[in-house]
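Trainee: Sharing a structure with you now.
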Amino acid sequence: MTDRIETHLGTTEEGQMAQEQANTSTTASDVAATSAEDSDAVRTSGGDPDDLNPVIIELENVNVYYDDFHAVSDVSLPIREREITAFIGPSGCGKSTVLRCLNRMNDLIESARVEGGVNYHGVDLYGPNIDPVEVRRRIGMVFQKPNPFPKSIYDNVAFGPKIAGYKGNMDDLVEQSLDRAALWDEVKDKLDESAYALSGGQQQRLCIARAIATSPDVVLMDEPASALDPIATLRIEELMYELKAEYTIIIVTHNMQQAGRVSDRTAFFSVDIQDDGERTGRLVEFSETATLFTTPEKQETEDYITGRFG
Amino acid sequence: MTHHEIEPRHHFDDELDEIRASLVDLGTMVLANIRWAGEVVVENRLDEVDAVVEADAPINEKYQELEEKVFHILALQQPVASDLRFLVVASRILYEMERSGDLAVNIVNSLERIHGIPADTTLQSSLDRLSAASATMFARGIEAIATMDPEIGLHAEAEDEETDNLTSDLFTAVTARQDELGLEASVALFYMGRFFERIADHGVNIAQNITFAVTAQFPEDY
Ligand SMILES: Nc1ncnc2c1ncn2[C@@H]1O[C@H](COP(=O)(O)OP(=O)(O)OP(=O)(O)O)[C@@H](O)[C@H]1O
Ligand SMILES: [Mg+2]
């Protein structure tokens, strides 16, 4: 656990040094070590509602711009370890935009600019010495449309570890990842066949296997089930529930019922329409899912989840 | 390496099983208090009245905890068909159980109000039989939950006639001794009879609700 977290996010020499300094004097590893202990405490003591899992990612006043367009305004929220956090809200409120901030996927969009803090185990992901590729290895992503590579099932899973220089037994790693994604039994006899021969639901589980093959500790999912039939959807949800024993999961979903079924906490975003017609996303309410769906704090949330608005 | 396949809604099924197990647990707690209240009354154990009353507190706590759980599952899991029937029924059963727990408290409180049952073998044995029959009917309800057997609910109403008869017997016995007993004791005894009878009715309702959860149909004279 600890060595997983302590893996350096920076790969430049400078980054290494900064990280080593951090390790000897302070923050990153301390935070990491404490969170590991805390999470054990939480799991053994159980029951007490005040026992919260440690925060793994903290968003602090995050603003996102696409060129001049202010897409998301001032989002602050903690993501807790080994929980499922759901982002819900009307189209265009910035759910995907915020999700992409969490592993620097927005870097790949030229016009995008992120302001504010995104701290992962206390380390600012947008700090100067952070390697975004390493960030994406620790914080993996699964997209709305299953997007396996045009390669064999085996290669889809092995690819990430291979380029990351994985030295262990690749066959074992592939098997383990496919099994964690609850796909092994369905594909074990056709690992060499093209990933495209799988059904949509199987492809999505393959993408999940691929995401977890590089041992991330956070997995981001952007509407992972919206292209699937209801049973395949419930299978993915069940899988998420299993995976949260080991991973922190953040899911964007259009399906409020899905947020209710799978998540521990829910963030509801909405859009404000400015005088000039600009539509800026904003976090309205962030609560335990059971609270948000039974006694939401804000009228705006109530209106949205009861289908009166949005 | 051991492998696994994924069943959709496995975790939801676990939650439903947990609710059912908890209903049986709560029912068993209530039943224990009903039986205890019966013994306290029949054997005039006035010194145990407070203990019976106190034993209702954990029942209420568990009741509230379960109500909240069921409420959350209804809000978050969108149950349909048999799952929906079961959860709606679970909520009703919780109410029946909580009320039954209160009735056990009412029974011992009535005993305290009249400083014990008059030493009268007819009355005592009448109460003894009634309290036993009432506890048995309540136990039928718990049995129905534990087995999800719809048959129990189908026969519950008929089976409950015994409690109704025993309640009438008690009323007859009290009426016959009304003058010796005095107004206060007579009224208290009537109430006790009524409380035991109502506990049995709750047992019937519980079993009939299970019939509905399983078959989607209520026993006819529900
Ligand atoms: N690459 C981009 N370039 C410019 N604007 C963008 C880009 N991506 C998103 N936006 C804008 O940012 C705002 C937020 O978009 P985002 O995709 O994050 O919303 P969302 O909540 O995920 O919506 P949906 O539910 O439809 O997926 C929208 O107004 C969108 O048009
Ligand atoms: Mg989106």
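Chain labels follow the order of the structure tokens: the first chain is A, the next B, and so on; residue numbering restarts at 1 in every chain, and ligands are counted from 1 in their shown order.
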Select, as JSON, numbers by chain, those residues of chain B with any atom no more than 9 Å from chain A (distances computed using only C-alpha atoms).
Mentor: {"B": [1, 2, 3, 4, 5, 6, 7, 8, 9, 10, 11, 12, 71, 72, 73, 75, 76, 77, 78]}
Trainee: Would you kindly return, as a count of residues only, each protein, DNA or RNA residue with an atom no farther than 12 Å from any atom of B:Val41, considering only C-alpha atoms and excluding same-chain residues fewer than 6 positions away?
Mentor: 37
Trainee: Ligand 1: which residues are within 9 Å, counting only C-alpha atoms and all ligand atoms, as a PyMOL selection string?
Mentor: chain A and resi 64-67+69-72+87-100+106+109-112+222-223+252-254+269-271+278-281
Trainee: Tell me, as a PDB file with N, CA, C and O atoms, in the first residue's frame, which residues lie within 12 Å of A:Lys162, counting only C-alpha atoms; anything in the same chain fewer than 5 positions away does not count.
Mentor:
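The resulting file, result05.pdb, is shown below:
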ATOM      1  N   TYR A 154      -5.603 -10.201 -24.749  1.00  0.00           N
ATOM      2  CA  TYR A 154      -4.391 -10.249 -23.934  1.00  0.00           C
ATOM      3  C   TYR A 154      -3.600  -8.940 -24.051  1.00  0.00           C
ATOM      4  O   TYR A 154      -3.242  -8.319 -23.049  1.00  0.00           O
ATOM      5  N   ASP A 155      -3.359  -8.531 -25.285  1.00  0.00           N
ATOM      6  CA  ASP A 155      -2.538  -7.337 -25.499  1.00  0.00           C
ATOM      7  C   ASP A 155      -3.183  -6.079 -24.926  1.00  0.00           C
ATOM      8  O   ASP A 155      -2.491  -5.161 -24.483  1.00  0.00           O
ATOM      9  N   ASN A 156      -4.496  -6.039 -24.954  1.00  0.00           N
ATOM     10  CA  ASN A 156      -5.173  -4.871 -24.400  1.00  0.00           C
ATOM     11  C   ASN A 156      -4.820  -4.684 -22.924  1.00  0.00           C
ATOM     12  O   ASN A 156      -4.616  -3.568 -22.470  1.00  0.00           O
ATOM     13  N   VAL A 157      -4.754  -5.806 -22.213  1.00  0.00           N
ATOM     14  CA  VAL A 157      -4.451  -5.716 -20.786  1.00  0.00           C
ATOM     15  C   VAL A 157      -2.950  -5.538 -20.556  1.00  0.00           C
ATOM     16  O   VAL A 157      -2.525  -4.765 -19.696  1.00  0.00           O
ATOM     17  N   LYS A 167       8.036  -5.795 -14.731  1.00  0.00           N
ATOM     18  CA  LYS A 167       9.062  -6.825 -14.779  1.00  0.00           C
ATOM     19  C   LYS A 167       8.550  -8.191 -14.339  1.00  0.00           C
ATOM     20  O   LYS A 167       9.249  -9.184 -14.494  1.00  0.00           O
ATOM     21  N   GLY A 168       7.360  -8.227 -13.770  1.00  0.00           N
ATOM     22  CA  GLY A 168       6.870  -9.500 -13.234  1.00  0.00           C
ATOM     23  C   GLY A 168       6.359 -10.426 -14.327  1.00  0.00           C
ATOM     24  O   GLY A 168       6.616 -10.237 -15.506  1.00  0.00           O
ATOM     25  N   ASN A 169       5.604 -11.430 -13.907  1.00  0.00           N
ATOM     26  CA  ASN A 169       5.048 -12.396 -14.846  1.00  0.00           C
ATOM     27  C   ASN A 169       3.802 -11.810 -15.512  1.00  0.00           C
ATOM     28  O   ASN A 169       2.755 -11.637 -14.884  1.00  0.00           O
ATOM     29  N   MET A 170       3.924 -11.517 -16.807  1.00  0.00           N
ATOM     30  CA  MET A 170       2.846 -10.832 -17.504  1.00  0.00           C
ATOM     31  C   MET A 170       1.580 -11.681 -17.594  1.00  0.00           C
ATOM     32  O   MET A 170       0.469 -11.182 -17.441  1.00  0.00           O
ATOM     33  N   ASP A 171       1.748 -12.995 -17.831  1.00  0.00           N
ATOM     34  CA  ASP A 171       0.571 -13.867 -17.922  1.00  0.00           C
ATOM     35  C   ASP A 171      -0.255 -13.785 -16.639  1.00  0.00           C
ATOM     36  O   ASP A 171      -1.479 -13.704 -16.659  1.00  0.00           O
ATOM     37  N   LEU A 173      -0.275 -11.366 -14.461  1.00  0.00           N
ATOM     38  CA  LEU A 173      -0.873 -10.039 -14.310  1.00  0.00           C
ATOM     39  C   LEU A 173      -2.133  -9.898 -15.176  1.00  0.00           C
ATOM     40  O   LEU A 173      -3.150  -9.364 -14.724  1.00  0.00           O
ATOM     41  N   VAL A 174      -2.054 -10.413 -16.390  1.00  0.00           N
ATOM     42  CA  VAL A 174      -3.213 -10.348 -17.290  1.00  0.00           C
ATOM     43  C   VAL A 174      -4.376 -11.138 -16.692  1.00  0.00           C
ATOM     44  O   VAL A 174      -5.520 -10.668 -16.629  1.00  0.00           O
ATOM     45  N   ARG A 210      -8.005  -3.317 -18.199  1.00  0.00           N
ATOM     46  CA  ARG A 210      -6.853  -2.588 -18.722  1.00  0.00           C
ATOM     47  C   ARG A 210      -6.474  -1.446 -17.775  1.00  0.00           C
ATOM     48  O   ARG A 210      -5.303  -1.212 -17.503  1.00  0.00           O
ATOM     49  N   ALA A 213      -4.770  -2.851 -14.657  1.00  0.00           N
ATOM     50  CA  ALA A 213      -3.543  -3.632 -14.859  1.00  0.00           C
ATOM     51  C   ALA A 213      -2.298  -2.861 -14.441  1.00  0.00           C
ATOM     52  O   ALA A 213      -1.279  -3.451 -14.082  1.00  0.00           O
ATOM     53  N   THR A 214      -2.360  -1.539 -14.479  1.00  0.00           N
ATOM     54  CA  THR A 214      -1.175  -0.755 -14.099  1.00  0.00           C
ATOM     55  C   THR A 214      -1.197  -0.402 -12.615  1.00  0.00           C
ATOM     56  O   THR A 214      -0.495   0.515 -12.186  1.00  0.00           O
TER      57      THR A 214
END
Trainee: In Å, how far is it from atom CA of B:Leu170 to atom CA of B:Ala133?
Mentor: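 Straight-line distance from atom CA of B:Leu170 to atom CA of B:Ala133 works out to 12.8 Å.
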Trainee: Return the single residue from A:Ser152, A:Gln144, A:Asn63, A:Ser194 that is closest to ligand 2, with distances computed using only C-alpha atoms and all ligand atoms.
Mentor: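 The shortest atom-to-atom distance to ligand 2 comes from A:Gln144.
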Trainee: Looking at A:Ile212, A:Asp68, A:Ile153, A:Gly200, which one is nearest to A:Arg137, with distances taken over only C-alpha atoms?
Mentor: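 Nearest candidate to A:Arg137 out of A:Ile212, A:Asp68, A:Ile153, A:Gly200: A:Ile212.
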Trainee: Set the distance at 10 Å and use only C-alpha atoms: which residues neighbour B:Ser168 once local chain neighbours fewer than 2 positions away are removed? I'd like the list as a VMD selection string.
Mentor: chain B and resid 126 130 162 to 166 170 to 174 190 193 to 194 197
Trainee: Ranking A:Thr295, A:Phe286, A:Pro224, A:Asp229 by minimum distance to ligand 2 and counting only C-alpha atoms and all ligand atoms, which one comes first?
Mentor: A:Pro224
Trainee: In Å, rounded to a single decimal, give me how far atom CA of A:Ile249 is from atom CA of A:Gln204.
Mentor: 15.3 Å
Trainee: Mind checking DSSP for chain B and telling me the alpha helix (DSSP H) residues as a ChimeraX atom specification?
Mentor: /B:10-42,49-54,56-77,81-113,121-147,150-159,161-176,178-215
Trainee: Looking only at the backbone, which of the residues in stretch 8-229 of chain A does DSSP tag as strand (DSSP E or B), as an NGL selection string?
Mentor: :A and (55-66 or 69-80 or 84-88 or 112-120 or 123-124 or 139-142 or 152 or 194 or 218-222)
Trainee: For the residues selected in the previous step, produce a file with C-alpha atoms as a short mmCIF file (atom, residue, chain, number, x, y, z; two decimals), in the first residue's frame.
Mentor:
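Output (out-v8.cif):
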data_model
loop_
_atom_site.label_atom_id
_atom_site.label_comp_id
_atom_site.auth_asym_id
_atom_site.auth_seq_id
_atom_site.Cartn_x
_atom_site.Cartn_y
_atom_site.Cartn_z
CA VAL A 55 -9.21 11.89 1.74
CA ILE A 56 -7.20 10.74 -1.28
CA ILE A 57 -7.91 13.60 -3.66
CA GLU A 58 -8.82 17.11 -2.61
CA LEU A 59 -10.17 19.63 -5.11
CA GLU A 60 -9.62 23.20 -3.96
CA ASN A 61 -11.32 26.05 -5.77
CA VAL A 62 -10.90 24.44 -9.13
CA ASN A 63 -11.80 26.60 -12.13
CA VAL A 64 -11.57 25.33 -15.66
CA TYR A 65 -11.47 27.44 -18.80
CA TYR A 66 -11.60 26.48 -22.45
CA PHE A 69 -14.91 30.29 -21.76
CA HIS A 70 -15.30 29.74 -18.02
CA ALA A 71 -16.62 26.16 -18.02
CA VAL A 72 -16.46 25.30 -14.33
CA SER A 73 -16.38 27.65 -11.38
CA ASP A 74 -14.80 27.16 -7.99
CA VAL A 75 -15.22 23.49 -7.25
CA SER A 76 -13.99 22.25 -3.89
CA LEU A 77 -14.58 18.74 -2.71
CA PRO A 78 -12.78 15.84 -1.06
CA ILE A 79 -12.67 12.38 -2.62
CA ARG A 80 -12.35 9.67 -0.02
CA ILE A 84 -17.38 5.45 -4.93
CA THR A 85 -18.04 9.11 -5.57
CA ALA A 86 -20.62 9.98 -8.22
CA PHE A 87 -20.86 13.20 -10.24
CA ILE A 88 -24.35 13.97 -11.46
CA ALA A 112 -8.16 23.87 -21.53
CA ARG A 113 -6.71 25.64 -18.52
CA VAL A 114 -7.09 24.47 -14.93
CA GLU A 115 -6.76 26.79 -11.96
CA GLY A 116 -6.89 25.92 -8.29
CA GLY A 117 -5.56 22.89 -6.48
CA VAL A 118 -5.96 19.21 -7.16
CA ASN A 119 -4.13 17.44 -4.39
CA TYR A 120 -3.52 13.73 -4.53
CA VAL A 123 0.69 16.39 -3.62
CA ASP A 124 -0.46 19.03 -6.10
CA ILE A 139 -5.34 7.50 -11.62
CA GLY A 140 -6.75 5.44 -14.47
CA MET A 141 -9.71 6.19 -16.66
CA VAL A 142 -12.58 4.29 -18.27
CA SER A 152 -6.01 -9.16 -28.85
CA SER A 194 -9.52 -9.54 -31.10
CA VAL A 218 -7.97 5.62 -8.34
CA VAL A 219 -10.18 4.76 -11.31
CA LEU A 220 -12.18 7.48 -13.06
CA MET A 221 -15.21 6.40 -15.05
CA ASP A 222 -17.08 8.71 -17.40
#
Trainee: Have a look at A:Ser226, A:Pro150, A:Ile163, A:Val135 and name the one nearest to ligand 2; count only C-alpha atoms and all ligand atoms.
Mentor: A:Ser226
Trainee: List as a VMD selection string the protein and nucleic acid residues near B:Leu26, meaning an atom at most 12 Å away when only C-alpha atoms are counted, but skip any in the same chain fewer than 6 places from it.
Mentor: chain B and resid 19 to 20 32 to 33 56 to 67 90 93 to 98 100 to 101 139 141 to 142 145 to 146
Trainee: Nearest to ligand 2: which of A:Leu191, A:Leu198, A:Leu108, A:Ile251 is it, counting only C-alpha atoms and all ligand atoms?
Mentor: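 Distance minimum relative to ligand 2 lands on A:Ile251.
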Trainee: For the atom pair atom CA of B:Ala156 and atom CA of B:Ala207, what is the interatomic distance in Å to one decimal place?
Mentor: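 It comes out at 7.0 Å.
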Trainee: B:Val42, B:Leu84, B:Met137, B:Val53: which is nearest B:Thr121, counting only C-alpha atoms?
Mentor: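 Closest to B:Thr121 of all the choices is B:Val42.
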